[in-house]
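What follows is the content of work_10.csv (CSV, C-alpha atoms and all ligand atoms).
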chain,number,residue,atom,x,y,z
A,293,LEU,CA,0.0,0.0,0.0
A,294,GLY,CA,1.0,3.5,-0.7
A,295,ARG,CA,4.2,2.7,-2.6
A,296,ARG,CA,4.6,3.8,-6.2
A,297,SER,CA,6.4,1.1,-8.2
A,298,GLU,CA,8.5,1.4,-11.3
A,299,GLY,CA,6.2,1.3,-14.3
A,300,ASP,CA,3.1,2.4,-12.5
A,301,PRO,CA,1.0,4.7,-14.6
A,302,ALA,CA,1.5,8.5,-13.9
A,303,PRO,CA,-0.6,10.0,-11.1
A,304,GLY,CA,-3.9,11.1,-12.5
A,305,THR,CA,-4.2,8.2,-14.9
A,306,LEU,CA,-7.8,6.8,-14.8
A,307,GLU,CA,-8.2,3.2,-16.1
A,308,ILE,CA,-11.9,2.3,-16.8
A,309,VAL,CA,-12.0,-1.3,-15.7
A,310,ALA,CA,-15.7,-2.1,-16.4
A,311,GLU,CA,-18.9,-0.3,-17.4
A,312,ASP,CA,-22.4,-1.6,-16.6
A,313,PRO,CA,-24.4,-2.0,-19.8
A,314,ASP,CA,-27.7,-1.3,-18.1
A,315,SER,CA,-26.8,1.9,-16.2
A,316,ASP,CA,-24.2,4.6,-16.0
A,317,ALA,CA,-22.3,2.7,-13.3
A,318,ARG,CA,-18.6,2.1,-13.9
A,319,SER,CA,-15.6,0.8,-12.1
A,320,CYS,CA,-12.2,2.4,-12.5
A,321,ARG,CA,-8.6,2.5,-11.1
A,322,LEU,CA,-7.3,5.9,-10.3
A,323,TRP,CA,-3.5,6.2,-10.0
A,324,THR,CA,-2.1,8.6,-7.3
A,325,GLY,CA,1.2,9.5,-5.9
A,326,HIS,CA,0.6,6.9,-3.2
A,327,GLY,CA,-0.7,4.1,-5.3
A,328,PRO,CA,-3.9,3.0,-7.0
A,329,VAL,CA,-7.5,3.5,-5.9
A,330,GLU,CA,-10.2,1.1,-7.0
A,331,THR,CA,-13.5,2.7,-7.6
A,332,PRO,CA,-16.3,3.2,-6.7
A,333,CYS,CA,-14.6,4.2,-3.5
A,334,PHE,CA,-15.9,5.5,-0.2
A,335,MET,CA,-13.5,7.8,1.7
A,336,PRO,CA,-13.7,8.1,5.5
A,337,VAL,CA,-13.5,11.6,7.0
A,338,GLY,CA,-10.4,12.4,9.0
A,339,THR,CA,-10.7,16.2,9.1
A,340,TYR,CA,-7.6,16.8,11.2
A,341,GLY,CA,-5.6,13.9,9.9
A,342,ALA,CA,-7.3,11.2,11.9
A,343,VAL,CA,-10.5,9.2,11.5
A,344,LYS,CA,-11.5,9.7,15.1
A,345,GLY,CA,-10.2,6.9,17.3
A,346,LEU,CA,-8.7,4.6,14.6
A,347,LEU,CA,-5.2,3.5,13.9
A,348,PRO,CA,-3.9,3.5,10.3
A,349,GLU,CA,-3.8,-0.3,10.3
A,350,GLU,CA,-7.5,-0.4,11.5
A,351,LEU,CA,-8.4,1.9,8.5
A,352,ARG,CA,-6.8,-0.7,6.2
A,353,THR,CA,-8.6,-3.5,7.9
A,354,VAL,CA,-12.0,-1.9,7.4
A,355,GLY,CA,-11.3,-1.4,3.7
A,356,SER,CA,-10.3,2.3,3.5
A,357,GLN,CA,-8.2,3.2,0.5
A,358,VAL,CA,-8.2,7.0,0.6
A,359,VAL,CA,-8.6,9.2,3.7
A,360,LEU,CA,-10.1,12.7,3.5
A,361,ALA,CA,-8.7,15.6,5.5
A,362,ASN,CA,-9.5,19.2,5.5
A,363,ALA,CA,-7.0,21.9,4.4
A,364,TYR,CA,-9.1,24.6,6.2
A,365,HIS,CA,-8.9,22.8,9.6
A,366,LEU,CA,-5.2,21.9,9.2
A,367,THR,CA,-4.4,25.4,8.1
A,368,HIS,CA,-5.6,26.7,11.5
A,369,ARG,CA,-4.5,23.8,13.6
A,370,PRO,CA,-1.5,22.9,13.5
A,371,GLY,CA,-0.7,25.0,10.3
A,372,PRO,CA,0.4,23.9,6.9
A,373,GLU,CA,4.1,24.5,7.5
A,374,ARG,CA,4.0,22.5,10.7
A,375,VAL,CA,2.4,19.6,8.8
A,376,ARG,CA,5.1,19.9,6.1
A,377,SER,CA,7.9,19.9,8.6
A,378,LEU,CA,6.4,16.9,10.4
A,379,GLY,CA,6.6,14.7,7.3
A,380,GLY,CA,3.6,16.1,5.3
A,381,ILE,CA,0.2,14.7,5.9
A,382,HIS,CA,1.3,11.1,5.2
A,383,GLY,CA,4.2,11.1,7.6
A,384,PHE,CA,2.3,13.2,10.2
A,385,MET,CA,-0.6,10.8,10.4
A,386,HIS,CA,1.5,7.7,9.5
A,387,TRP,CA,-0.9,6.8,6.7
A,388,PRO,CA,0.9,5.4,3.7
A,389,GLY,CA,-2.0,5.5,1.3
A,390,PRO,CA,-3.6,8.3,-0.7
A,391,VAL,CA,-5.0,11.3,1.0
A,392,LEU,CA,-7.5,13.9,-0.3
A,393,THR,CA,-7.9,17.4,1.2
A,394,ASP,CA,-11.0,19.4,0.9
A,395,SER,CA,-10.4,23.2,0.5
A,396,GLY,CA,-12.7,24.5,3.3
A,397,GLY,CA,-14.8,26.2,0.6
A,398,TYR,CA,-17.7,24.5,2.4
A,399,GLN,CA,-16.9,25.4,6.0
A,400,VAL,CA,-16.4,29.1,5.4
A,401,PHE,CA,-19.7,29.5,3.7
A,402,SER,CA,-21.6,28.3,6.7
A,403,LEU,CA,-23.6,31.3,7.9
A,404,ARG,CA,-21.6,31.7,11.1
A,405,SER,CA,-18.2,32.2,9.6
A,406,LEU,CA,-18.9,34.1,6.3
A,407,GLN,CA,-17.9,37.7,6.4
A,408,LYS,CA,-17.4,39.1,2.9
A,409,ILE,CA,-16.9,37.5,-0.5
A,410,ASP,CA,-15.6,39.0,-3.7
A,411,ASP,CA,-14.1,37.7,-6.9
A,412,SER,CA,-10.6,37.2,-5.5
A,413,GLY,CA,-11.6,35.3,-2.3
A,414,VAL,CA,-13.6,35.2,0.9
A,415,ASP,CA,-13.1,36.8,4.3
A,416,TYR,CA,-14.3,34.7,7.2
A,417,ARG,CA,-14.1,34.2,11.0
A,418,THR,CA,-12.5,31.0,12.0
A,419,HIS,CA,-14.7,28.7,14.1
A,420,PHE,CA,-11.7,28.1,16.4
A,421,ASP,CA,-11.3,31.5,18.1
A,422,GLY,CA,-13.4,33.9,15.9
A,423,SER,CA,-10.3,35.5,14.5
A,424,LYS,CA,-10.5,37.0,11.0
A,425,ALA,CA,-8.9,35.2,8.0
A,426,ARG,CA,-9.0,35.2,4.3
A,427,MET,CA,-9.1,32.3,1.8
A,428,THR,CA,-8.3,32.7,-1.9
A,429,PRO,CA,-7.7,30.1,-4.7
A,430,ARG,CA,-4.0,30.7,-4.2
A,431,SER,CA,-4.0,30.4,-0.4
A,432,VAL,CA,-5.8,27.1,-0.6
A,433,LEU,CA,-3.3,25.6,-3.1
A,434,GLU,CA,-0.4,26.9,-1.0
A,435,ALA,CA,-1.8,25.2,2.1
A,436,GLU,CA,-2.3,22.0,0.1
A,437,ALA,CA,1.2,22.2,-1.3
A,438,ALA,CA,2.5,22.3,2.3
A,439,ILE,CA,0.1,19.7,3.7
A,440,GLY,CA,0.9,17.4,0.8
A,441,PRO,CA,-2.2,15.4,-0.1
A,442,ASP,CA,-2.4,13.3,-3.3
A,443,ILE,CA,-5.6,15.0,-4.3
A,444,CYS,CA,-6.3,18.7,-3.8
A,445,MET,CA,-9.7,20.3,-4.0
A,446,ILE,CA,-9.9,23.9,-5.1
A,447,LEU,CA,-11.7,26.8,-3.5
A,448,ASP,CA,-15.4,26.9,-4.4
A,449,HIS,CA,-18.6,28.7,-3.3
A,450,CYS,CA,-21.2,26.3,-1.9
A,451,PRO,CA,-24.5,28.2,-1.4
A,452,PRO,CA,-27.2,26.9,0.9
A,453,GLY,CA,-29.7,24.4,-0.7
A,454,ASP,CA,-32.6,26.9,-0.5
A,455,ALA,CA,-30.7,29.7,-2.3
A,456,ASP,CA,-32.7,31.3,-5.2
A,457,ARG,CA,-31.7,30.8,-8.8
A,458,SER,CA,-29.8,34.1,-9.0
A,459,ALA,CA,-27.8,33.4,-5.9
A,460,MET,CA,-27.1,29.9,-7.3
A,461,ARG,CA,-25.9,31.4,-10.6
A,462,ALA,CA,-23.7,34.0,-8.8
A,463,ALA,CA,-22.1,31.3,-6.7
A,464,MET,CA,-21.5,29.1,-9.7
A,465,GLU,CA,-20.0,31.9,-11.7
A,466,ARG,CA,-17.7,32.9,-8.9
A,467,THR,CA,-16.7,29.3,-8.5
A,468,THR,CA,-15.7,29.3,-12.2
A,469,ARG,CA,-13.6,32.5,-11.8
A,470,TRP,CA,-11.8,30.9,-8.8
A,471,ALA,CA,-11.4,27.7,-10.7
A,472,ARG,CA,-9.7,29.6,-13.6
A,473,GLU,CA,-7.3,31.2,-11.1
A,474,ALA,CA,-6.6,27.8,-9.5
A,475,ALA,CA,-6.0,26.2,-13.0
A,476,ARG,CA,-3.6,29.0,-13.8
A,477,LEU,CA,-1.6,28.6,-10.6
A,478,ARG,CA,-1.6,24.9,-9.8
A,479,ARG,CA,1.5,23.9,-11.9
A,480,ASP,CA,3.5,26.6,-10.0
A,481,ILE,CA,2.2,25.8,-6.6
A,482,LEU,CA,1.5,22.1,-6.3
A,483,ARG,CA,4.0,19.3,-6.8
A,484,PRO,CA,3.7,17.5,-10.1
A,485,GLU,CA,2.3,14.3,-8.5
A,486,GLN,CA,-0.5,16.2,-6.6
A,487,LEU,CA,-3.8,15.9,-8.5
A,488,CYS,CA,-6.1,18.9,-8.5
A,489,PHE,CA,-9.9,18.5,-8.8
A,490,GLY,CA,-12.5,21.1,-9.9
A,491,ILE,CA,-15.9,21.5,-8.1
A,492,VAL,CA,-19.2,21.8,-10.0
A,493,GLN,CA,-21.9,23.9,-8.3
A,494,GLY,CA,-25.4,24.9,-9.4
A,495,GLY,CA,-27.7,23.3,-6.8
A,496,THR,CA,-30.3,21.0,-8.3
A,497,ASP,CA,-30.9,23.3,-11.3
A,498,LEU,CA,-29.9,21.0,-14.1
A,499,GLU,CA,-29.4,23.9,-16.5
A,500,LEU,CA,-26.9,25.6,-14.2
A,501,ARG,CA,-25.2,22.3,-13.5
A,502,ARG,CA,-24.7,21.5,-17.2
A,503,GLU,CA,-23.4,25.0,-17.9
A,504,HIS,CA,-20.9,24.6,-15.0
A,505,VAL,CA,-19.7,21.1,-15.9
A,506,ASP,CA,-19.0,22.4,-19.4
A,507,ALA,CA,-17.2,25.5,-18.2
A,508,LEU,CA,-15.0,23.6,-15.7
A,509,ALA,CA,-14.2,20.8,-18.2
A,510,GLU,CA,-12.4,23.3,-20.3
A,511,LEU,CA,-9.9,23.9,-17.5
A,512,ASP,CA,-8.6,20.3,-17.6
A,513,PHE,CA,-8.6,19.4,-14.0
A,514,ASP,CA,-7.5,15.9,-13.0
A,515,GLY,CA,-11.0,15.1,-11.7
A,516,TYR,CA,-14.3,16.7,-11.1
A,517,ALA,CA,-16.5,16.9,-8.0
A,518,LEU,CA,-20.2,17.6,-7.5
A,519,GLY,CA,-20.4,20.0,-4.6
A,520,GLY,CA,-23.4,21.8,-3.3
A,521,LEU,CA,-25.5,18.7,-2.7
A,522,SER,CA,-27.0,17.3,0.5
A,523,VAL,CA,-27.3,20.9,1.8
A,524,GLY,CA,-31.0,20.8,2.5
A,525,GLU,CA,-32.5,20.1,-0.9
A,526,PRO,CA,-35.1,17.2,-1.2
A,527,ILE,CA,-33.4,13.8,-1.7
A,528,PRO,CA,-35.1,12.9,-4.9
A,529,LYS,CA,-33.8,16.2,-6.4
A,530,MET,CA,-30.3,15.3,-5.3
A,531,HIS,CA,-30.6,11.8,-6.9
A,532,ALA,CA,-32.0,13.4,-10.1
A,533,THR,CA,-29.0,15.7,-10.2
A,534,PHE,CA,-26.6,12.7,-9.9
A,535,ALA,CA,-28.5,10.9,-12.7
A,536,ALA,CA,-28.5,13.9,-15.1
A,537,ILE,CA,-25.1,15.4,-14.4
A,538,ALA,CA,-22.6,12.6,-13.5
A,539,PRO,CA,-22.8,11.1,-17.0
A,540,ARG,CA,-22.0,14.5,-18.5
A,541,MET,CA,-18.8,14.9,-16.4
A,542,PRO,CA,-15.6,14.1,-18.3
A,543,LYS,CA,-15.6,10.4,-18.9
A,544,HIS,CA,-11.9,9.9,-18.6
A,545,LYS,CA,-11.6,11.8,-15.3
A,546,PRO,CA,-12.7,10.6,-11.8
A,547,ARG,CA,-16.1,11.9,-10.6
A,548,TYR,CA,-16.5,12.6,-6.9
A,549,VAL,CA,-19.7,13.6,-5.0
A,550,MET,CA,-18.7,15.6,-1.9
A,551,GLY,CA,-20.2,15.0,1.5
A,552,ILE,CA,-22.5,12.2,0.4
A,553,GLY,CA,-24.3,10.2,1.9
A,554,THR,CA,-26.6,7.4,3.1
A,555,PRO,CA,-26.4,3.9,1.7
A,556,ALA,CA,-29.3,4.9,-0.6
A,557,ASP,CA,-27.5,8.0,-1.8
A,558,LEU,CA,-24.4,5.9,-2.6
A,559,LEU,CA,-26.4,3.4,-4.6
A,560,ALA,CA,-28.1,6.2,-6.6
A,561,ALA,CA,-24.7,7.9,-7.2
A,562,ILE,CA,-22.9,4.8,-8.3
A,563,ARG,CA,-25.7,3.9,-10.7
A,564,SER,CA,-25.2,7.4,-12.2
A,565,GLY,CA,-21.5,6.8,-12.8
A,566,VAL,CA,-19.9,8.5,-9.7
A,567,ASP,CA,-16.6,7.1,-8.6
A,568,MET,CA,-15.8,8.6,-5.2
A,569,PHE,CA,-17.6,9.7,-2.1
A,570,ASP,CA,-16.9,10.9,1.4
A,571,CYS,CA,-19.2,11.2,4.4
A,572,VAL,CA,-19.2,11.5,8.1
A,573,ILE,CA,-22.3,9.3,8.5
A,574,PRO,CA,-20.5,6.0,9.4
A,575,SER,CA,-18.1,7.6,12.0
A,576,ARG,CA,-20.6,10.2,13.4
A,577,HIS,CA,-23.5,7.7,13.6
A,578,ALA,CA,-21.1,5.3,15.5
A,579,ARG,CA,-20.4,8.0,18.1
A,580,ASN,CA,-24.2,8.6,18.5
A,581,GLY,CA,-24.9,5.0,19.1
A,582,GLN,CA,-26.3,4.3,15.5
A,583,ILE,CA,-25.2,0.9,14.1
A,584,LEU,CA,-25.6,0.5,10.3
A,585,THR,CA,-26.2,-3.0,9.0
A,586,PHE,CA,-27.4,-5.0,6.0
A,587,GLN,CA,-30.7,-5.4,8.1
A,588,GLY,CA,-31.1,-1.7,8.7
A,589,ARG,CA,-30.0,0.7,11.4
A,590,PHE,CA,-30.5,0.6,15.1
A,591,ASN,CA,-29.4,2.5,18.2
A,592,ILE,CA,-27.3,0.4,20.5
A,593,ARG,CA,-28.5,2.2,23.6
A,594,ASN,CA,-32.0,0.6,23.3
A,595,GLY,CA,-32.7,-1.6,26.3
A,596,ARG,CA,-33.7,-4.5,24.1
A,597,PHE,CA,-29.9,-5.1,23.5
A,598,ARG,CA,-29.2,-5.6,27.2
A,599,THR,CA,-29.3,-9.4,26.8
A,600,ASP,CA,-28.7,-9.7,23.0
A,601,ASP,CA,-25.7,-12.0,22.5
A,602,ARG,CA,-25.7,-11.7,18.7
A,603,PRO,CA,-23.0,-9.7,16.8
A,604,PRO,CA,-24.0,-6.1,15.8
A,605,ASP,CA,-24.6,-7.5,12.2
A,606,PRO,CA,-24.8,-11.3,11.9
A,607,ASP,CA,-24.0,-10.9,8.1
A,608,CYS,CA,-20.8,-8.9,8.8
A,609,ALA,CA,-17.3,-10.3,8.7
A,610,CYS,CA,-15.7,-7.3,10.4
A,611,PRO,CA,-13.3,-7.8,13.4
A,612,VAL,CA,-16.1,-6.4,15.7
A,613,CYS,CA,-18.9,-8.7,14.5
A,614,SER,CA,-16.7,-11.7,14.6
A,615,ARG,CA,-15.9,-11.2,18.3
A,616,PHE,CA,-18.3,-9.0,20.2
A,617,SER,CA,-22.0,-9.0,21.1
A,618,ARG,CA,-24.6,-6.2,20.9
A,619,ALA,CA,-25.0,-6.5,24.7
A,620,TYR,CA,-21.2,-5.8,25.1
A,621,LEU,CA,-21.3,-2.8,22.8
A,622,ARG,CA,-24.4,-1.5,24.6
A,623,HIS,CA,-22.6,-2.0,28.0
A,624,LEU,CA,-19.5,-0.1,26.8
A,625,HIS,CA,-21.7,2.7,25.4
A,626,VAL,CA,-23.7,3.1,28.6
A,627,HIS,CA,-20.5,3.3,30.6
A,628,ASN,CA,-18.9,5.8,28.2
A,629,ASP,CA,-16.0,3.5,27.6
A,630,PRO,CA,-14.0,4.9,24.6
A,631,LEU,CA,-13.7,1.3,23.3
A,632,TYR,CA,-17.4,1.6,22.3
A,633,VAL,CA,-16.7,4.4,19.8
A,634,ARG,CA,-13.8,2.5,18.3
A,635,LEU,CA,-15.7,-0.7,17.9
A,636,ALA,CA,-18.8,1.0,16.5
A,637,THR,CA,-16.7,3.1,14.1
A,638,ILE,CA,-14.8,0.0,12.9
A,639,HIS,CA,-18.1,-1.8,12.2
A,640,ASN,CA,-19.9,1.1,10.5
A,641,LEU,CA,-16.9,1.9,8.2
A,642,TYR,CA,-16.6,-1.8,7.4
A,643,PHE,CA,-20.3,-1.8,6.5
A,644,PHE,CA,-20.0,1.3,4.3
A,645,HIS,CA,-16.9,-0.1,2.5
A,646,GLN,CA,-18.7,-3.4,1.9
A,647,TRP,CA,-21.8,-1.6,0.6
A,648,VAL,CA,-19.5,0.1,-2.1
A,649,ALA,CA,-17.2,-2.9,-2.6
A,650,ALA,CA,-20.2,-5.2,-3.4
A,651,GLN,CA,-21.2,-2.8,-6.2
A,652,ARG,CA,-17.6,-2.4,-7.4
A,653,GLN,CA,-17.2,-6.2,-7.7
A,654,ALA,CA,-20.6,-6.5,-9.4
A,655,ILE,CA,-19.8,-3.9,-12.0
A,656,ARG,CA,-16.5,-5.8,-12.7
A,657,ALA,CA,-18.2,-9.2,-12.7
A,658,GLY,CA,-20.9,-8.0,-15.1
A,659,ASN,CA,-23.9,-8.6,-12.7
A,660,TYR,CA,-24.4,-5.0,-11.4
A,661,ALA,CA,-28.2,-5.0,-12.3
A,662,ALA,CA,-28.8,-8.0,-10.0
A,663,VAL,CA,-26.7,-6.7,-7.1
A,664,ALA,CA,-28.1,-3.2,-7.3
A,665,ALA,CA,-31.6,-4.7,-7.3
A,666,ALA,CA,-30.7,-6.8,-4.2
A,667,LEU,CA,-29.4,-3.7,-2.4
A,668,ASP,CA,-32.6,-1.8,-3.4
A,669,ALA,CA,-34.5,-4.6,-1.7
A,670,VAL,CA,-32.3,-4.3,1.4
A,671,LEU,CA,-33.2,-0.6,1.5
A,672,ALA,CA,-36.9,-1.2,0.9
A,673,GLU,CA,-37.1,-3.8,3.6
A,674,ARG,CA,-35.5,-1.8,6.4
A,675,ARG,CA,-35.0,1.9,6.9
A,676,HIS,CA,-31.4,3.1,6.6
B,701,LIG,N1,-17.8,22.1,-1.5
B,701,LIG,C1,-16.6,21.7,-0.8
B,701,LIG,N2,-16.7,20.7,0.1
B,701,LIG,C2,-17.9,20.1,0.3
B,701,LIG,C3,-19.0,20.5,-0.3
B,701,LIG,C4,-19.0,21.5,-1.3
B,701,LIG,O1,-20.0,21.9,-2.0
B,701,LIG,C5,-20.1,19.7,0.2
B,701,LIG,C6,-21.5,19.7,-0.1
B,701,LIG,N3,-22.1,18.5,0.1
B,701,LIG,C7,-19.5,18.9,1.2
B,701,LIG,N4,-18.2,19.2,1.2
B,701,LIG,N5,-15.5,22.3,-1.1
B,702,ZN,ZN,-19.3,-5.7,11.6
Would it be possible to restate this file's structure as structure tokens?
Amino acid sequence: LGRRSEGDPAPGTLEIVAEDPDSDARSCRLWTGHGPVETPCFMPVGTYGAVKGLLPEELRTVGSQVVLANAYHLTHRPGPERVRSLGGIHGFMHWPGPVLTDSGGYQVFSLRSLQKIDDSGVDYRTHFDGSKARMTPRSVLEAEAAIGPDICMILDHCPPGDADRSAMRAAMERTTRWAREAARLRRDILRPEQLCFGIVQGGTDLELRREHVDALAELDFDGYALGGLSVGEPIPKMHATFAAIAPRMPKHKPRYVMGIGTPADLLAAIRSGVDMFDCVIPSRHARNGQILTFQGRFNIRNGRFRTDDRPPDPDCACPVCSRFSRAYLRHLHVHNDPLYVRLATIHNLYFFHQWVAAQRQAIRAGNYAAVAAALDAVLAERRH
């Protein structure tokens, strides 16, 4: 893991391994500076350079290939130059595989932090101590150059899901101007093996989205993300946006939907030809007591688990389900033992990776229609 070998394709190379004949689903291999990524791929969230509570080898065990960190958080704590001097993000967190950093374009547009926005960047107040700061397309790339991820997201403007059309258009056009600036600067600022992805905005307005995909495609990024989804819009509209827009994104570049989603969202996105995802659901739900399984979701605090000696998910082969009972997890949770969070996070991440791996294998084996229908049935039977 994480080693580039002589003869590996150049970072940024996307091999399309298989395409499903009945949908837009596809399975690819993306080459990075720290080895290949098999897609579709779910990326756990490690905002500050750690997936809360887990060791790097535990991330491998649950099936993580790429870890997501956030350049915004790392810029404020402990600082990009500090990360650089401590071995870059890979050395700092001792994770040998690929890392992707988000730009923070999402965090600073939350109502609490946004101060002032113009065509060259955004003024905001940090959520750490309320101090003033400024983020520009250049400052984001400079932070990412120091932090050292394999995949760098550029600065974008993510408006709220209920913004009106003119606000959506303004955010989209500003994102395009920032993307032009990032495209112009990236070769001077990033290392050659660092990939740089553009971010498509436009809400659930398909006309805006199409226009934005076409505008960003001209800038020849190494991959393209759909941002601005799962920000309060109705779920069917989000799924319709995947279906209409993902197939229109450059075919020979990776496609990434940011901050998505539930198992149902992942199924809808994969069917539409999306390759990459990240979401806090498996790790955050774990901390809140929510266990995700192929039989649905439950809260481990429920008294009915007091005497339940079955594993969290009888169909799961993870290191938690092969050893521990629901009653034990509940006991740890009730007593606030930190082991509970570790066990629940390991299981939930394993489940998410299995949910995606089952689809990846099916696309490659040529039986995606059947497997996707079976997963649809799982979702219909029990609420996720
Ligand atoms: N932009 C960026 N990061 C993000 C988003 C976005 O729109 C989202 C929206 N779901 C999550 N993370 N830069
Ligand atoms: Zn399990």
Please extract the residues at most 9 Å from ligand LIG 701 (chain B), counting only C-alpha atoms and all ligand atoms, and provide them as an MDAnalysis selection string, using the chain letters and residue numbers of this document. chainID A and resid 394:399 445:451 491:493 517:523 549:553 570:571
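You will find atom CA of A:Val633 at 11.6 Å from atom CA of A:Val612.
Atom pair atom CA of A:Tyr364 / atom CA of A:Arg417: separated by 11.8 Å.
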Could you report the residues within 7 Å of ligand ZN 702 (chain B), using all atoms listed in the file, as a ChimeraX atom specification? /A:604-605,608-613,639-640,642-643
Export C-alpha atoms of the chosen residues as a CSV table (one decimal), keeping the file's coordinate frame?
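The resulting part-v1.csv:
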chain,number,residue,atom,x,y,z
A,604,PRO,CA,-24.0,-6.1,15.8
A,605,ASP,CA,-24.6,-7.5,12.2
A,608,CYS,CA,-20.8,-8.9,8.8
A,609,ALA,CA,-17.3,-10.3,8.7
A,610,CYS,CA,-15.7,-7.3,10.4
A,611,PRO,CA,-13.3,-7.8,13.4
A,612,VAL,CA,-16.1,-6.4,15.7
A,613,CYS,CA,-18.9,-8.7,14.5
A,639,HIS,CA,-18.1,-1.8,12.2
A,640,ASN,CA,-19.9,1.1,10.5
A,642,TYR,CA,-16.6,-1.8,7.4
A,643,PHE,CA,-20.3,-1.8,6.5
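For the residues A:Asp442, A:Arg615, A:Asp314, A:Leu360, ranking by smallest atom-to-atom distance to A:His326 using all atoms listed in the file places A:Asp442 first.
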Length of the atom CA of A:Asp567 to atom CA of A:Ser319 vector [Å]: 7.3 Å
